[in-house]
$ cat final22.txt   # compact mmCIF, C-alpha atoms
# COMPACT_ATOMS: atom_id res chain seq x y z
CA GLY A 1 -41.70 -12.57 -101.79
CA SER A 2 -41.98 -14.76 -98.77
CA SER A 3 -40.25 -13.85 -95.50
CA PRO A 4 -36.81 -15.39 -94.93
CA LYS A 5 -36.58 -18.34 -92.60
CA PRO A 6 -35.54 -17.52 -89.03
CA LEU A 7 -32.22 -19.36 -89.50
CA GLN A 8 -31.42 -17.24 -92.57
CA VAL A 9 -32.10 -14.09 -90.58
CA MET A 10 -29.72 -15.19 -87.85
CA LEU A 11 -26.95 -16.05 -90.29
CA ARG A 12 -27.20 -12.69 -91.95
CA TYR A 13 -26.69 -10.98 -88.64
CA PHE A 14 -23.42 -12.78 -88.17
CA ALA A 15 -22.21 -11.24 -91.43
CA ILE A 16 -22.33 -7.79 -89.83
CA GLY A 17 -18.96 -6.14 -89.45
CA SER A 18 -17.81 -4.26 -86.37
CA ILE A 19 -16.71 -0.69 -86.01
CA ASP A 20 -13.14 0.19 -85.09
CA PHE A 21 -12.67 1.95 -81.74
CA ASP A 22 -9.59 3.38 -80.23
CA GLU A 23 -8.47 1.66 -77.04
CA LYS A 24 -10.10 4.24 -74.75
CA ASP A 25 -13.53 3.95 -76.41
CA ALA A 26 -13.38 0.14 -76.53
CA LYS A 27 -13.08 0.02 -72.75
CA LYS A 28 -16.49 1.68 -72.50
CA ILE A 29 -18.15 -1.44 -73.89
CA LYS A 30 -19.09 -3.65 -70.95
CA LYS A 31 -19.37 -7.38 -71.77
CA VAL A 32 -21.59 -9.66 -69.71
CA SER A 33 -22.53 -13.29 -70.30
CA PHE A 34 -25.58 -15.29 -69.15
CA SER A 35 -26.53 -18.95 -69.43
CA GLU A 36 -30.12 -18.68 -68.15
CA THR A 37 -32.81 -19.64 -70.68
CA PHE A 38 -35.13 -16.84 -69.63
CA LEU A 39 -33.28 -13.60 -68.95
CA GLY A 40 -36.19 -11.34 -68.08
CA LEU A 41 -34.70 -8.37 -69.93
CA ARG A 42 -36.95 -5.77 -71.59
CA PHE A 43 -35.62 -4.01 -74.68
CA GLU A 44 -37.11 -1.12 -76.66
CA ALA A 45 -36.03 1.15 -79.48
CA SER A 46 -34.23 4.19 -78.10
CA LYS A 47 -36.38 7.30 -77.74
CA VAL A 48 -33.29 9.48 -78.15
CA PHE A 49 -31.54 7.80 -81.09
CA GLY A 50 -34.43 6.10 -82.84
CA PRO A 51 -35.22 2.57 -84.09
CA ARG A 52 -31.62 1.61 -84.93
CA VAL A 53 -30.54 1.73 -81.30
CA THR A 54 -31.80 -0.93 -78.88
CA GLU A 55 -32.03 0.09 -75.24
CA LEU A 56 -32.48 -2.03 -72.12
CA VAL A 57 -35.47 -0.40 -70.44
CA GLY A 58 -36.08 -2.72 -67.51
CA PHE A 59 -36.75 -6.22 -66.27
CA SER A 60 -39.63 -8.69 -66.55
CA ARG A 61 -40.65 -10.49 -63.38
CA GLY A 62 -42.81 -13.49 -62.68
CA THR A 63 -46.29 -13.54 -61.17
CA ASP A 64 -44.73 -13.35 -57.69
CA ASN A 65 -42.94 -10.10 -58.71
CA ARG A 66 -39.63 -11.49 -57.50
CA PRO A 67 -36.52 -10.38 -59.44
CA ARG A 68 -34.89 -13.04 -61.58
CA SER A 69 -31.23 -13.99 -61.30
CA VAL A 70 -30.09 -11.70 -64.13
CA GLU A 71 -31.64 -8.66 -62.47
CA MET A 72 -30.26 -9.69 -59.08
CA SER A 73 -26.76 -10.09 -60.51
CA GLY A 74 -26.39 -6.34 -60.89
CA LEU A 75 -24.41 -6.85 -64.10
CA VAL A 76 -26.91 -4.93 -66.22
CA LYS A 77 -28.94 -1.82 -65.51
CA PRO A 78 -31.82 0.00 -67.20
CA HIS A 79 -31.05 2.46 -70.01
CA GLN A 80 -27.88 0.72 -71.15
CA ILE A 81 -27.53 0.49 -74.94
CA LEU A 82 -27.08 -2.87 -76.61
CA TYR A 83 -23.88 -2.67 -78.62
CA SER A 84 -23.25 -6.32 -79.54
CA VAL A 85 -24.55 -9.87 -79.15
CA ASN A 86 -21.97 -12.67 -79.04
CA GLY A 87 -19.37 -10.31 -80.48
CA THR A 88 -21.55 -9.17 -83.38
CA ARG A 89 -22.38 -5.48 -83.44
CA VAL A 90 -26.11 -4.79 -83.43
CA LEU A 91 -25.89 -1.08 -82.75
CA SER A 92 -27.35 0.58 -85.90
CA ILE A 93 -29.54 -2.47 -86.69
CA ARG A 94 -33.29 -1.90 -86.51
CA PHE A 95 -34.86 -2.86 -83.19
CA GLU A 96 -37.29 -5.36 -84.77
CA GLN A 97 -34.39 -7.22 -86.37
CA VAL A 98 -32.42 -7.29 -83.13
CA VAL A 99 -35.43 -8.87 -81.40
CA GLN A 100 -35.55 -11.60 -84.06
CA MET A 101 -31.85 -12.25 -83.59
CA LEU A 102 -32.22 -12.59 -79.82
CA LYS A 103 -35.03 -15.13 -80.26
CA PHE A 104 -32.73 -17.52 -82.09
CA THR A 105 -29.50 -16.99 -80.17
CA GLY A 106 -28.55 -19.88 -77.91
CA ARG A 107 -26.93 -19.92 -74.50
CA PRO A 108 -24.59 -18.82 -73.17
CA ILE A 109 -25.22 -15.37 -74.62
CA GLU A 110 -22.85 -12.42 -74.37
CA PHE A 111 -24.02 -8.82 -74.46
CA GLY A 112 -21.82 -5.84 -75.17
CA LEU A 113 -23.39 -2.89 -73.37
CA LEU A 114 -22.71 0.83 -73.52
CA ASP A 115 -23.86 3.20 -70.80
CA ASN A 116 -26.60 5.46 -72.05
CA PRO A 117 -25.24 8.91 -72.92
CA ASP A 118 -28.17 10.53 -71.10
CA THR A 119 -28.37 10.58 -67.31
CA HIS A 120 -31.62 11.73 -65.69
CA VAL A 121 -31.29 13.29 -62.24
CA SER A 122 -34.23 14.33 -60.07
CA PHE A 123 -33.44 17.34 -57.90
CA LYS A 124 -35.53 18.39 -54.92
CA SER A 125 -33.93 21.83 -54.86
CA PRO A 126 -32.12 24.01 -57.44
CA PRO A 127 -28.64 22.63 -58.34
CA PHE A 128 -26.88 25.95 -57.83
CA ASP A 129 -23.60 24.10 -57.26
CA LEU A 130 -23.30 23.58 -61.03
CA SER A 131 -20.63 25.66 -62.72
CA LEU A 132 -21.73 25.88 -66.37
CA GLU A 133 -19.90 27.15 -69.43
CA TYR A 134 -21.34 27.87 -72.87
CA MET A 135 -19.44 25.91 -75.55
CA GLN A 136 -20.45 25.25 -79.16
CA GLY A 137 -24.12 25.86 -78.52
CA CYS A 138 -24.28 23.79 -75.31
CA MET A 139 -24.12 24.42 -71.59
CA VAL A 140 -21.26 22.25 -70.32
CA VAL A 141 -20.64 21.25 -66.69
CA LYS A 142 -17.32 22.87 -65.87
CA ASP A 143 -17.27 22.13 -62.14
CA MET A 144 -19.42 21.56 -59.08
CA ALA A 145 -18.67 24.11 -56.40
CA LYS A 146 -19.44 24.23 -52.71
CA VAL A 147 -22.53 26.29 -51.97
CA TYR A 148 -23.64 28.38 -49.02
CA SER A 149 -25.73 26.56 -46.47
CA PRO A 150 -29.34 26.44 -47.70
CA LEU A 151 -30.40 27.04 -44.10
CA GLU A 152 -28.63 30.38 -43.74
CA GLY A 153 -31.22 33.12 -43.78
CA VAL A 154 -33.93 30.77 -42.55
CA LEU A 155 -32.08 30.02 -39.32
CA LYS A 156 -29.73 32.16 -37.23
CA ILE A 157 -26.68 31.59 -35.07
CA ASN A 158 -27.66 30.34 -31.58
CA ASP A 159 -31.01 28.91 -32.72
CA VAL A 160 -31.64 25.82 -30.59
CA LEU A 161 -32.43 22.39 -32.02
CA VAL A 162 -35.31 20.84 -30.06
CA ALA A 163 -36.61 17.98 -32.24
CA VAL A 164 -35.57 15.68 -35.13
CA ASN A 165 -38.28 14.08 -37.28
CA GLY A 166 -40.79 14.89 -34.56
CA ILE A 167 -38.67 13.22 -31.86
CA PRO A 168 -38.14 15.71 -28.99
CA LEU A 169 -34.55 16.14 -27.83
CA THR A 170 -33.80 15.95 -24.12
CA SER A 171 -31.31 17.52 -21.77
CA LYS A 172 -29.95 14.11 -20.76
CA SER A 173 -27.19 13.70 -23.38
CA PHE A 174 -25.79 16.03 -26.03
CA GLU A 175 -24.16 13.04 -27.79
CA LYS A 176 -27.47 11.17 -28.10
CA ASN A 177 -29.10 14.28 -29.48
CA LEU A 178 -26.37 14.53 -32.15
CA THR A 179 -26.83 10.85 -33.07
CA LEU A 180 -30.32 11.60 -34.33
CA VAL A 181 -28.92 14.24 -36.67
CA SER A 182 -25.93 12.28 -37.95
CA SER A 183 -27.52 8.87 -38.59
CA PRO A 184 -28.10 8.18 -42.36
CA SER A 185 -31.16 6.08 -41.48
CA MET A 186 -32.91 9.20 -40.16
CA TYR A 187 -32.93 10.94 -43.56
CA PRO A 188 -34.79 12.83 -44.85
CA LEU A 189 -34.55 15.01 -41.74
CA LYS A 190 -37.07 17.48 -40.42
CA LEU A 191 -35.24 19.67 -37.91
CA SER A 192 -37.18 21.78 -35.44
CA PHE A 193 -35.46 24.85 -33.99
CA VAL A 194 -36.49 27.53 -31.56
CA ARG A 195 -35.14 31.06 -31.51
CA ILE A 196 -34.23 32.61 -28.20
CA ASP A 197 -35.65 36.12 -28.45
CA GLU A 198 -34.75 39.22 -26.51
CA ASN A 199 -36.70 38.00 -23.48
CA PHE A 200 -34.21 35.19 -22.98
CA ASP A 201 -30.46 35.22 -22.52
CA ARG A 202 -28.67 34.06 -25.71
CA ASN A 203 -25.71 32.78 -23.70
CA SER A 204 -25.40 29.02 -24.20
CA ASN A 205 -24.27 28.66 -20.59
CA VAL A 206 -27.69 29.69 -19.37
CA LEU A 207 -30.07 26.77 -18.88
CA LEU A 208 -33.44 26.85 -20.61
CA SER A 209 -36.15 26.04 -18.15
CA GLU A 210 -38.84 23.57 -19.13
CA GLU A 211 -41.39 26.36 -18.99
CA ALA A 212 -39.29 28.63 -21.21
CA LEU A 213 -38.74 25.80 -23.71
CA LYS A 214 -42.47 25.10 -23.95
CA LYS A 215 -43.14 28.73 -24.63
CA LEU A 216 -40.47 28.90 -27.32
CA CYS A 217 -41.74 25.72 -29.00
CA LEU A 218 -44.99 27.48 -29.81
CA ASN A 219 -43.05 29.20 -32.61
CA LYS A 220 -40.78 26.46 -33.91
CA ILE A 221 -38.84 26.91 -37.14
CA GLU A 222 -38.80 23.69 -39.18
CA VAL A 223 -36.35 22.94 -41.98
CA ASP A 224 -35.80 19.86 -44.17
CA LEU A 225 -32.59 18.10 -45.16
CA PHE A 226 -33.36 15.53 -47.85
CA GLU A 227 -30.09 13.68 -48.39
CA HIS A 228 -27.34 12.47 -46.09
CA GLY A 229 -24.20 14.40 -46.93
CA ASP A 230 -22.43 17.50 -45.74
CA MET A 231 -24.22 18.96 -42.75
CA PRO A 232 -24.79 22.63 -43.66
CA LEU A 233 -24.23 23.82 -40.09
CA ILE A 234 -22.08 23.18 -37.04
CA LEU A 235 -23.84 22.51 -33.76
CA LYS A 236 -22.41 23.35 -30.36
CA LYS A 237 -23.27 22.04 -26.93
CA ARG A 238 -25.30 24.20 -24.60
CA ALA A 239 -25.11 23.85 -20.84
CA ASP A 240 -28.52 22.17 -20.93
CA ASN A 241 -27.23 19.61 -23.54
CA PHE A 242 -29.43 20.98 -26.31
CA PRO A 243 -27.53 21.60 -29.58
CA SER A 244 -27.50 25.14 -30.95
CA ILE A 245 -26.10 26.58 -34.16
CA GLU A 246 -22.50 27.69 -33.88
CA GLU A 247 -21.95 28.54 -37.56
CA PHE A 248 -23.08 27.78 -41.11
CA VAL A 249 -20.67 26.05 -43.49
CA MET A 250 -20.21 25.64 -47.25
CA VAL A 251 -21.49 22.25 -48.43
CA ASN A 252 -21.76 20.07 -51.51
CA GLY A 253 -24.82 20.92 -53.53
CA PRO A 254 -27.53 18.74 -55.10
CA ALA A 255 -25.56 17.99 -58.30
CA LYS A 256 -22.47 16.81 -56.43
CA ASN A 257 -24.48 14.82 -53.91
CA SER A 258 -26.39 13.02 -56.68
CA GLY A 259 -23.22 11.13 -57.65
CA LYS A 260 -24.48 11.10 -61.25
CA VAL A 261 -23.31 14.40 -62.71
CA GLN A 262 -19.79 14.53 -64.13
CA VAL A 263 -17.59 17.37 -65.33
CA GLY A 264 -17.75 17.58 -69.14
CA MET A 265 -21.39 16.51 -69.41
CA ILE A 266 -23.77 18.88 -71.14
CA LEU A 267 -27.08 19.97 -69.69
CA ALA A 268 -29.38 18.62 -72.39
CA ALA A 269 -32.89 19.11 -70.98
CA ILE A 270 -35.00 20.05 -67.97
CA ASN A 271 -38.24 18.13 -67.37
CA GLY A 272 -37.87 16.66 -70.86
CA GLN A 273 -37.61 20.07 -72.56
CA THR A 274 -34.39 21.05 -74.30
CA LEU A 275 -32.82 24.29 -73.15
CA SER A 276 -33.97 27.38 -75.00
CA LYS A 277 -31.57 29.64 -76.89
CA LYS A 278 -31.81 32.25 -74.15
CA ASP A 279 -30.26 29.82 -71.66
CA ASN A 280 -26.81 30.33 -73.17
CA ASN A 281 -25.05 31.47 -70.01
CA SER A 282 -24.95 30.41 -66.38
CA VAL A 283 -26.89 33.47 -65.14
CA ALA A 284 -29.82 32.69 -67.49
CA CYS A 285 -29.69 29.00 -66.53
CA PHE A 286 -29.75 29.78 -62.83
CA GLU A 287 -32.73 32.05 -63.33
CA THR A 288 -34.47 29.13 -65.05
CA PHE A 289 -33.50 26.87 -62.13
CA ARG A 290 -34.93 29.37 -59.68
CA LYS A 291 -38.33 29.53 -61.41
CA LEU A 292 -38.83 25.76 -61.58
CA GLU A 293 -41.14 23.77 -59.37
CA TYR A 294 -39.33 20.97 -57.56
CA PRO A 295 -38.75 18.08 -57.74
CA ALA A 296 -37.52 18.61 -61.31
CA THR A 297 -35.70 16.22 -63.65
CA PHE A 298 -32.48 17.38 -65.31
CA THR A 299 -30.96 15.45 -68.23
CA PHE A 300 -27.18 15.44 -68.56
CA ARG A 301 -25.42 14.00 -71.62
CA ASN A 302 -22.07 12.21 -71.67
CA MET A 303 -20.72 13.40 -75.01
CA THR A 304 -18.12 10.63 -75.36
CA ASN A 305 -20.79 7.93 -75.23
CA TYR A 306 -23.08 10.04 -77.40
CA ILE A 307 -20.42 10.35 -80.13
CA ILE A 308 -19.72 6.60 -80.02
CA VAL A 309 -23.40 5.87 -80.68
CA ARG A 310 -23.60 8.52 -83.40
CA ASN A 311 -20.48 7.16 -85.12
CA CYS A 312 -21.99 3.67 -85.14
CA LEU A 313 -25.18 4.99 -86.69
CA GLU A 314 -23.23 6.80 -89.40
CA LYS A 315 -21.03 3.77 -90.19
CA ARG A 316 -23.80 1.37 -91.03
CA PRO A 317 -22.96 -2.34 -91.36
CA GLU A 318 -22.33 -3.59 -94.87
CA PHE A 319 -24.99 -6.28 -94.51
CA GLU A 320 -28.27 -6.07 -92.66
CA ALA A 321 -31.11 -8.49 -92.09
CA GLU A 322 -33.94 -7.94 -94.51
$ encode --input "final22.txt" --output "C-alpha cells"
Amino acid sequence: GSSPKPLQVMLRYFAIGSIDFDEKDAKKIKKVSFSETFLGLRFEASKVFGPRVTELVGFSRGTDNRPRSVEMSGLVKPHQILYSVNGTRVLSIRFEQVVQMLKFTGRPIEFGLLDNPDTHVSFKSPPFDLSLEYMQGCMVVKDMAKVYSPLEGVLKINDVLVAVNGIPLTSKSFEKNLTLVSSPSMYPLKLSFVRIDENFDRNSNVLLSEEALKKLCLNKIEVDLFEHGDMPLILKKRADNFPSIEEFVMVNGPAKNSGKVQVGMILAAINGQTLSKKDNNSVACFETFRKLEYPATFTFRNMTNYIIVRNCLEKRPEFEAE
C-alpha cells in the first residue's frame, strides 16, 4: 500500500519500549540536549554492528568551514552511538527509520549517547608496553607496563646532546638547553647527539673545544621522540654546559601515553584486520607488532559497551516503524 504519513511514523517511534539496565550500565548513557534548528550532526549506520545501530560519524559545516555551535560545545564526539531520542530508545531501530524520526522531531531535542565500544589508536612505534592475556578466544589488555628506553642501544652513556629540532645548543646556559628538550611545544623532537670517541676524554669536566665539536658533529646520531611524556633518559650537565646522557630510564610506552587504551579492553584488530588464531599469546602478538610498518592502527574494544549494544539488538522493541 501507500507509505505511512510522516506523523504516523513519528508516533510509532514513541511506542517503542526501553531496555532495562542496571544502575552501572545506565550511567554509561550520556544525555545531551540542543535547541538549535540545524545541528550539523552526521549519522550513519554502524559498520561494526550493522543497520540497526546509528553512529555519529562527524559534523557538517557551512561553506566557510567554520564549526557550528553543537560541534564547538564539545558535548558530542564522533563514533558515539545513538541510544535514544527524547527518552525513546532508537538503538536496534533501522538507520533509515531513525533518520525519518529525526526529521520530524522538534526542539529542544535530547540525545542519549553511548561511547563506541571500539577505540582506534594510531601508534608510531610498537606498543610493547601492553601486557596481554588470552581469555575466551580474545587477547585482553591486562596491564600497561613501563618499558626500557627506546633510545638505549642507539645511544650510549655520555653521548652529548648538541641540537634539538635543528637548533644548535650553546655553551652559554645548561638550563636554556634543557628548556628546548622539556617544552611540550617542541614535540615531536629530533635530538642530535655526538659520541666522544677514544680520541677525546669522556670526562664531563673536560671542555669540548669548538674545533673538536665541529669534528664530532660530522657524525651526529639523530633520534626522534614523537610525544611529550616520560623522557627516556636523564641528562647531566657538562662543564661546557652541554647536556650529556647520565642514564636511561624506564618509561611509559605508546599504549599508556595514548590515553585511550584501558585495562580490560580486548585487542580486536590491527589495521582493520582481526587477529589471526595464531596470535593467541603475548609472544605471538609481539612478533606481529614487530613486523608491522608504522604508523599502524590498533582497534581496542570496550566489552562492557559492546555487550550493552548487543543486548539492545537482541531485545528488539515490541513496535517498530514500518
$ atom_distance --input "final22.txt" --atom1 "atom CA of A:Thr63" --atom2 "atom CA of A:Leu113"
28.0 Å
$ residues_around --input "final22.txt" --residues "stretch 126-130 of chain A" --least-positions-apart "5" --cutoff "8 Å" --atoms "all atoms listed in the file" --output "list of chain:residue names"
A:Val141, A:Lys142, A:Asp143, A:Met144, A:Ala145, A:Lys146, A:Val147, A:Asn252, A:Gly253, A:Pro254, A:Ala255, A:Lys256, A:Phe286, A:Phe289, A:Arg290, A:Tyr294
$ residues_around --input "final22.txt" --residues "stretch 96-112 of chain A" --least-positions-apart "6" --cutoff "6 Å" --atoms "all atoms listed in the file" --output "list of chain:residue names"
A:Met10, A:Ile29, A:Lys30, A:Lys31, A:Val32, A:Ser33, A:Phe34, A:Ser35, A:Tyr83, A:Ser84, A:Val85, A:Asn86
$ axis_aligned_box --input "final22.txt" --around "stretch 272-291 of chain A" --padding-each-side "5 Å" --output "lines of an AutoDock Vina configuration file"
center_x = -31.6
center_y = 25.1
center_z = -68.3
size_x = 23.4
size_y = 26.8
size_z = 27.2
$ closest_residue --input "final22.txt" --among "A:Asn65, A:Asn241, A:Thr54, A:Ser60" --to "A:Gly40" --atoms "only C-alpha atoms"
A:Ser60
$ build_atoms --input "final22.txt" --residues "stretch 248-268 of chain A" --atoms "N, CA and C atoms" --output "PDB file, in the frame of the given file"
ATOM      1  N   PHE A 248     -22.666  28.421 -39.865  1.00  0.00           N
ATOM      2  CA  PHE A 248     -23.080  27.780 -41.110  1.00  0.00           C
ATOM      3  C   PHE A 248     -21.834  27.509 -41.953  1.00  0.00           C
ATOM      4  N   VAL A 249     -21.843  26.427 -42.720  1.00  0.00           N
ATOM      5  CA  VAL A 249     -20.670  26.050 -43.490  1.00  0.00           C
ATOM      6  C   VAL A 249     -21.044  25.823 -44.959  1.00  0.00           C
ATOM      7  N   MET A 250     -20.031  25.958 -45.830  1.00  0.00           N
ATOM      8  CA  MET A 250     -20.210  25.640 -47.250  1.00  0.00           C
ATOM      9  C   MET A 250     -20.356  24.122 -47.399  1.00  0.00           C
ATOM     10  N   VAL A 251     -21.215  23.685 -48.283  1.00  0.00           N
ATOM     11  CA  VAL A 251     -21.490  22.250 -48.430  1.00  0.00           C
ATOM     12  C   VAL A 251     -21.546  21.870 -49.905  1.00  0.00           C
ATOM     13  N   ASN A 252     -21.486  20.570 -50.156  1.00  0.00           N
ATOM     14  CA  ASN A 252     -21.760  20.070 -51.510  1.00  0.00           C
ATOM     15  C   ASN A 252     -23.222  20.335 -51.838  1.00  0.00           C
ATOM     16  N   GLY A 253     -23.469  20.650 -53.102  1.00  0.00           N
ATOM     17  CA  GLY A 253     -24.820  20.920 -53.530  1.00  0.00           C
ATOM     18  C   GLY A 253     -25.524  19.703 -54.096  1.00  0.00           C
ATOM     19  N   PRO A 254     -26.738  19.867 -54.590  1.00  0.00           N
ATOM     20  CA  PRO A 254     -27.530  18.740 -55.100  1.00  0.00           C
ATOM     21  C   PRO A 254     -26.857  17.974 -56.237  1.00  0.00           C
ATOM     22  N   ALA A 255     -26.198  18.676 -57.161  1.00  0.00           N
ATOM     23  CA  ALA A 255     -25.560  17.990 -58.300  1.00  0.00           C
ATOM     24  C   ALA A 255     -24.441  17.088 -57.827  1.00  0.00           C
ATOM     25  N   LYS A 256     -23.585  17.603 -56.956  1.00  0.00           N
ATOM     26  CA  LYS A 256     -22.470  16.810 -56.430  1.00  0.00           C
ATOM     27  C   LYS A 256     -22.979  15.635 -55.616  1.00  0.00           C
ATOM     28  N   ASN A 257     -23.964  15.876 -54.779  1.00  0.00           N
ATOM     29  CA  ASN A 257     -24.480  14.820 -53.910  1.00  0.00           C
ATOM     30  C   ASN A 257     -25.221  13.725 -54.684  1.00  0.00           C
ATOM     31  N   SER A 258     -25.678  14.038 -55.901  1.00  0.00           N
ATOM     32  CA  SER A 258     -26.390  13.020 -56.680  1.00  0.00           C
ATOM     33  C   SER A 258     -25.478  11.875 -57.075  1.00  0.00           C
ATOM     34  N   GLY A 259     -24.177  12.163 -57.227  1.00  0.00           N
ATOM     35  CA  GLY A 259     -23.220  11.130 -57.650  1.00  0.00           C
ATOM     36  C   GLY A 259     -23.357  10.755 -59.107  1.00  0.00           C
ATOM     37  N   LYS A 260     -24.211  11.448 -59.856  1.00  0.00           N
ATOM     38  CA  LYS A 260     -24.480  11.100 -61.250  1.00  0.00           C
ATOM     39  C   LYS A 260     -23.925  12.116 -62.244  1.00  0.00           C
ATOM     40  N   VAL A 261     -23.762  13.344 -61.808  1.00  0.00           N
ATOM     41  CA  VAL A 261     -23.310  14.400 -62.710  1.00  0.00           C
ATOM     42  C   VAL A 261     -21.790  14.425 -62.754  1.00  0.00           C
ATOM     43  N   GLN A 262     -21.238  14.514 -63.960  1.00  0.00           N
ATOM     44  CA  GLN A 262     -19.790  14.530 -64.130  1.00  0.00           C
ATOM     45  C   GLN A 262     -19.367  15.768 -64.906  1.00  0.00           C
ATOM     46  N   VAL A 263     -18.161  16.244 -64.583  1.00  0.00           N
ATOM     47  CA  VAL A 263     -17.590  17.370 -65.330  1.00  0.00           C
ATOM     48  C   VAL A 263     -17.449  16.963 -66.790  1.00  0.00           C
ATOM     49  N   GLY A 264     -17.821  17.859 -67.702  1.00  0.00           N
ATOM     50  CA  GLY A 264     -17.750  17.580 -69.140  1.00  0.00           C
ATOM     51  C   GLY A 264     -19.081  17.184 -69.741  1.00  0.00           C
ATOM     52  N   MET A 265     -20.052  16.791 -68.895  1.00  0.00           N
ATOM     53  CA  MET A 265     -21.390  16.510 -69.410  1.00  0.00           C
ATOM     54  C   MET A 265     -22.045  17.810 -69.863  1.00  0.00           C
ATOM     55  N   ILE A 266     -23.003  17.696 -70.770  1.00  0.00           N
ATOM     56  CA  ILE A 266     -23.770  18.880 -71.140  1.00  0.00           C
ATOM     57  C   ILE A 266     -25.155  18.780 -70.526  1.00  0.00           C
ATOM     58  N   LEU A 267     -25.701  19.926 -70.180  1.00  0.00           N
ATOM     59  CA  LEU A 267     -27.080  19.970 -69.690  1.00  0.00           C
ATOM     60  C   LEU A 267     -27.984  19.964 -70.909  1.00  0.00           C
ATOM     61  N   ALA A 268     -28.635  18.817 -71.150  1.00  0.00           N
ATOM     62  CA  ALA A 268     -29.380  18.620 -72.390  1.00  0.00           C
ATOM     63  C   ALA A 268     -30.855  19.027 -72.279  1.00  0.00           C
TER      64      ALA A 268
END
